[in-house]
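**Student:** The following block contains the structure, expressed as structure tokens.
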Amino acid sequence: MQESTYSPKPVESHLPSDAPNILIVLIDDAGPALPTSLGGEVSTPTFDRLRDEGVGYNRFHTTAMCSPTRAALLTGRNHHRVGNGQIAELANDWDGYSGHIPKSTATVAEVLRNYGYSTAAWGKWHNTPAEETTAAGPFDRWPTGYGFEYFYGFLAGEASQYEPNLVRNTTVVLPPKTPEQGYHLSEDIADDAIDWLRAHKALAPEKPFLMYWASGAIHGPHHVTKDWADKYKGKFDDGWDAYRERVHERAKSAGWIPTDAELTPRHPDMAAWDDIPEDEKPFQRRLMEVAAGFAEHVDVQVGRVIDEVERLGYGENTIVLYLWGDNGSSGEGQNGTISELLAQNGIPSNVSDHIAALEELGGLDAIGTPATDNQYHAGWAWAGSTPYQGMKLLASHLGGTRNPLIVKWPARLQPDATPRTQFHHVIDVVPTIYDILGISEPDVVNGIPQEPLDGVSFAYSLADAEAEGRRHTQYFEIMGSRSIYSDGWMASAIGPRLPWVQGLPAGIRTWTPDEDQWELYDLEHDWSQAHDVASEHPEKLAQLKELFAMEAAKNKVLPVGGGLWVVALHPEQRIAPPYTEWSFTGDTFRIPEFCAPALGNKPNVVRLGVTLPERANGVLYKLGGSGGGLTCFLDDGVLTYEYNLFLIQRTTIATESPLAPGESVIEVVTDYVERRPGGPLKVVLRADGVEVASGVVPVSAPLLFSANDCLDIGRAYGGPVSRRYADRMPFPFDGLIDDVHIAYL
């Protein structure tokens, strides 16, 4: 082992002349058991190279969910304390779940910008309240309002990698290319970061920079071109149970986990690979092949950015923090899906439904393309979190919260293959940066008094792999799943739901955290939480439960499980605009679904004043994207309405003959047949007050169609809701839309 040259500097009121540049890389929903250098079978050349050139942390922890981790990472505070106990789209009125990061908890970008850093961010943001994501703002909680002088990416929790709804700074922009022209989001944000670096080098070469590059990969949907996925053909044929066994042994051989770490068993409610019918296994294998190709592809894009940092001469004095996963790998694909928002909507489905729908889209080769919003079976997520029990959305168990971190800083840090085993959390990144820079935690930022940081610097461990850890306590909580760490012990309560189980959990409306069963683990002797010792140490368990209660009260966690309010109990209370009617022009486009009229699950009427040419063509409006949505369009004069229930069920209602040319008023009236979440809908089409078609949508989407797609009028940007016009996108209406009026009934 080589001795590190890093040593902390005394606190200064200004930056030293050799202040390092900082590049934070965050990969989304990536399991710790994927990279080859950690024992996995996914080629991650950049991650592996950085592990050889820096130091790695194998006991680094996140929050078990996306936007909570990002809020904690950027502010240095616990996620509930900055209003992110739930993702921004599912926020509610409790302080810890509001989706609003207080200005009294400034981000690292705000602080470093005031110290003279150039600051820029790319990719997935996911920390702006969903109701504030339209082109009208307000913009003070967009990235540029939180200290980043430049931003290019998407504001939502996920996006199609081929057809994202993008913003540059505070302006909505379209992708520079189409999927047919070779567009991919990971490549785009890498290209843009490289362009920014070159401009920085030309115009402000001596100014230090903070870059935050947060990919949309490998969050669902798993989108990557066939050539990347085909690299992994056959690699996963023997299933997730066998993968776990192989990777577990390799991780020990690689020195990433202790040789006595045990492989935890599969949960009894999760399918074994041998339980999968033979005719479904090709589908399950291909889902994982695509995910693996997606992971390698994004890692290569990270490499392109780092290569440019080095080519421009910044490499020596740039700190790279590469965090492989903002939470554990995601089981939200449940039994394997071609439209992963089925899970968020609580709609059960059969794998046979997905395979049947897939055949109409091109078979297995359609997985990973713009035609699907696919995500792998939760068994693959479990395998990606080897050797742990948990995964994303399980704050109770490692695997949901434990992710690898690699730190590289050639100017001050010698490569060291010894993994750092000190227990640290994502809230520790910001104080570590301040420690390295020698600046004190600010009391006031932009005139606003600041709340203290929750994080503890881990800079001491960069220099000494054997140093005693300085984080003694850390709580975790996501939607009732929770745990508490204290000096080598962890107490865990799974909570009311398992992320891989379809639909809403039985008894969710009467669940109380007071009745949950707690487990206890001695992590100093049980690396992977393989042995529950609660019965052997009841006093320790009682102590930790009391400690969790105190931490929960201090950090605005209460009520425990508060994040379940919208997603499980009251989907009708999801964030929505405060209006009951709207007037739009015919060229309105890119209104994020959370800010648009809820046309798919509220009684409503859409009234369009139009001028129709002979046998008119084009989209009148669409809400959602290819993975799910609704649309009304004209095809050779035939007025057509389609409700795309996440690809597995499509309802089409159309007139028998073309509409006559000339001025007309078209109405689409939607009402419940049964007024309940997910209930069937009656849809009536009218032209000039006369009913011209009607039908019933058997199942509706109770929550939403899309996390990032939009309402468009007069054309269809983003993903095509209907396959009938997929090859004619954006399929602009060739007549005139004079006005659009939408009202709830």
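The chains in the structure tokens are called A, B, ... from first to last as shown; in each chain the residues are counted from 1, and the ligands are counted from 1 in the order shown.
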Name all residues at most 10 Å from Gly216 of chain A (count only C-alpha atoms; drop same-chain ones fewer than 6 positions away) and give them as an MDAnalysis selection string.
**Tutor:** chainID A and resid 26:29 122:125 153:154 156:161 185:186 189 222:223 298
**Student:** Would you mind exporting N, CA and C atoms of the selected residues as a PDB file, in the first residue's frame?
**Tutor:**
```
ATOM      1  N   LEU A  26     -22.593  11.019 -10.595  1.00  0.00           N
ATOM      2  CA  LEU A  26     -23.603  10.228  -9.906  1.00  0.00           C
ATOM      3  C   LEU A  26     -24.331   9.362 -10.920  1.00  0.00           C
ATOM      4  N   ILE A  27     -24.224   8.047 -10.758  1.00  0.00           N
ATOM      5  CA  ILE A  27     -24.942   7.099 -11.601  1.00  0.00           C
ATOM      6  C   ILE A  27     -26.236   6.725 -10.881  1.00  0.00           C
ATOM      7  N   ASP A  28     -27.289   6.524 -11.643  1.00  0.00           N
ATOM      8  CA  ASP A  28     -28.630   6.370 -11.095  1.00  0.00           C
ATOM      9  C   ASP A  28     -29.031   4.893 -11.023  1.00  0.00           C
ATOM     10  N   ASP A  29     -29.558   4.470  -9.875  1.00  0.00           N
ATOM     11  CA  ASP A  29     -30.136   3.128  -9.710  1.00  0.00           C
ATOM     12  C   ASP A  29     -29.182   2.005 -10.103  1.00  0.00           C
ATOM     13  N   TRP A 122     -25.231  18.778 -15.089  1.00  0.00           N
ATOM     14  CA  TRP A 122     -25.797  18.105 -16.257  1.00  0.00           C
ATOM     15  C   TRP A 122     -26.627  16.905 -15.825  1.00  0.00           C
ATOM     16  N   GLY A 123     -27.627  16.592 -16.663  1.00  0.00           N
ATOM     17  CA  GLY A 123     -28.339  15.339 -16.513  1.00  0.00           C
ATOM     18  C   GLY A 123     -29.575  15.449 -15.662  1.00  0.00           C
ATOM     19  N   LYS A 124     -29.752  14.468 -14.794  1.00  0.00           N
ATOM     20  CA  LYS A 124     -30.950  14.378 -13.959  1.00  0.00           C
ATOM     21  C   LYS A 124     -30.826  15.306 -12.758  1.00  0.00           C
ATOM     22  N   TRP A 125     -31.817  16.176 -12.578  1.00  0.00           N
ATOM     23  CA  TRP A 125     -31.827  17.098 -11.445  1.00  0.00           C
ATOM     24  C   TRP A 125     -32.704  16.543 -10.316  1.00  0.00           C
ATOM     25  N   GLY A 153     -30.108  19.465 -18.892  1.00  0.00           N
ATOM     26  CA  GLY A 153     -30.579  18.135 -18.530  1.00  0.00           C
ATOM     27  C   GLY A 153     -32.083  18.138 -18.377  1.00  0.00           C
ATOM     28  N   PHE A 154     -32.584  17.313 -17.473  1.00  0.00           N
ATOM     29  CA  PHE A 154     -34.024  17.239 -17.247  1.00  0.00           C
ATOM     30  C   PHE A 154     -34.319  17.367 -15.756  1.00  0.00           C
ATOM     31  N   ALA A 156     -37.036  16.155 -14.067  1.00  0.00           N
ATOM     32  CA  ALA A 156     -37.879  15.121 -13.478  1.00  0.00           C
ATOM     33  C   ALA A 156     -37.049  13.969 -12.909  1.00  0.00           C
ATOM     34  N   GLY A 157     -37.768  12.955 -12.424  1.00  0.00           N
ATOM     35  CA  GLY A 157     -37.121  11.814 -11.798  1.00  0.00           C
ATOM     36  C   GLY A 157     -36.589  10.791 -12.778  1.00  0.00           C
ATOM     37  N   GLU A 158     -37.112  10.801 -13.995  1.00  0.00           N
ATOM     38  CA  GLU A 158     -36.624   9.901 -15.030  1.00  0.00           C
ATOM     39  C   GLU A 158     -37.006  10.477 -16.377  1.00  0.00           C
ATOM     40  N   ALA A 159     -36.433   9.931 -17.424  1.00  0.00           N
ATOM     41  CA  ALA A 159     -36.734  10.418 -18.767  1.00  0.00           C
ATOM     42  C   ALA A 159     -36.419   9.334 -19.775  1.00  0.00           C
ATOM     43  N   SER A 160     -37.130   9.364 -20.881  1.00  0.00           N
ATOM     44  CA  SER A 160     -36.701   8.580 -22.023  1.00  0.00           C
ATOM     45  C   SER A 160     -35.307   9.032 -22.414  1.00  0.00           C
ATOM     46  N   GLN A 161     -34.431   8.087 -22.637  1.00  0.00           N
ATOM     47  CA  GLN A 161     -33.070   8.440 -23.049  1.00  0.00           C
ATOM     48  C   GLN A 161     -33.011   8.850 -24.521  1.00  0.00           C
ATOM     49  N   LEU A 185     -29.453  10.368 -24.576  1.00  0.00           N
ATOM     50  CA  LEU A 185     -29.281  11.393 -23.558  1.00  0.00           C
ATOM     51  C   LEU A 185     -27.909  11.341 -22.898  1.00  0.00           C
ATOM     52  N   SER A 186     -27.418  10.157 -22.552  1.00  0.00           N
ATOM     53  CA  SER A 186     -26.115  10.067 -21.884  1.00  0.00           C
ATOM     54  C   SER A 186     -25.012  10.653 -22.755  1.00  0.00           C
ATOM     55  N   ILE A 189     -25.434  14.661 -22.813  1.00  0.00           N
ATOM     56  CA  ILE A 189     -24.943  15.433 -21.669  1.00  0.00           C
ATOM     57  C   ILE A 189     -23.425  15.325 -21.535  1.00  0.00           C
ATOM     58  N   HIS A 222     -34.778   1.490 -19.179  1.00  0.00           N
ATOM     59  CA  HIS A 222     -33.448   1.051 -19.606  1.00  0.00           C
ATOM     60  C   HIS A 222     -33.365   1.167 -21.125  1.00  0.00           C
ATOM     61  N   HIS A 223     -32.726   2.227 -21.572  1.00  0.00           N
ATOM     62  CA  HIS A 223     -32.665   2.538 -22.996  1.00  0.00           C
ATOM     63  C   HIS A 223     -31.225   2.533 -23.489  1.00  0.00           C
ATOM     64  N   VAL A 298     -23.203   4.254 -20.176  1.00  0.00           N
ATOM     65  CA  VAL A 298     -23.097   5.498 -19.412  1.00  0.00           C
ATOM     66  C   VAL A 298     -21.713   5.626 -18.787  1.00  0.00           C
TER      67      VAL A 298
END
```
**Student:** Write out as a list in words all residues of segment 486-704 of chain A that DSSP puts in alpha helix (DSSP H) for this structure's backbone.
**Tutor:**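 Written out, the alpha helix (DSSP H) residues of segment 486-704 of chain A are Pro538, Glu539, Lys540, Leu541, Ala542, Gln543, Leu544, Lys545, Glu546, Leu547, Phe548, Ala549, Met550, Glu551, Ala552, Ala553, Lys554 and Leu564 of chain A.
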**Student:** Have a look at A:Asp636, A:Glu289, A:Glu163, A:Asp353 and name the one nearest to Lys233 of chain A; count only C-alpha atoms.
**Tutor:** A:Glu289
**Student:** For Ala549 of chain A, please output as a PyMOL selection string all residues within 12 Å (counting only C-alpha atoms; exclusion window: fewer than 5 positions along the same chain).
**Tutor:** chain A and resi 475-477+482-484+491+513-514+542-544+554-560
**Student:** Please, which residues of segment 644-690 of chain A, numbered as in this document, come out strand (DSSP E) from DSSP, as a ChimeraX atom specification?
**Tutor:** /A:644-645,649-654,662-672,681-687,690
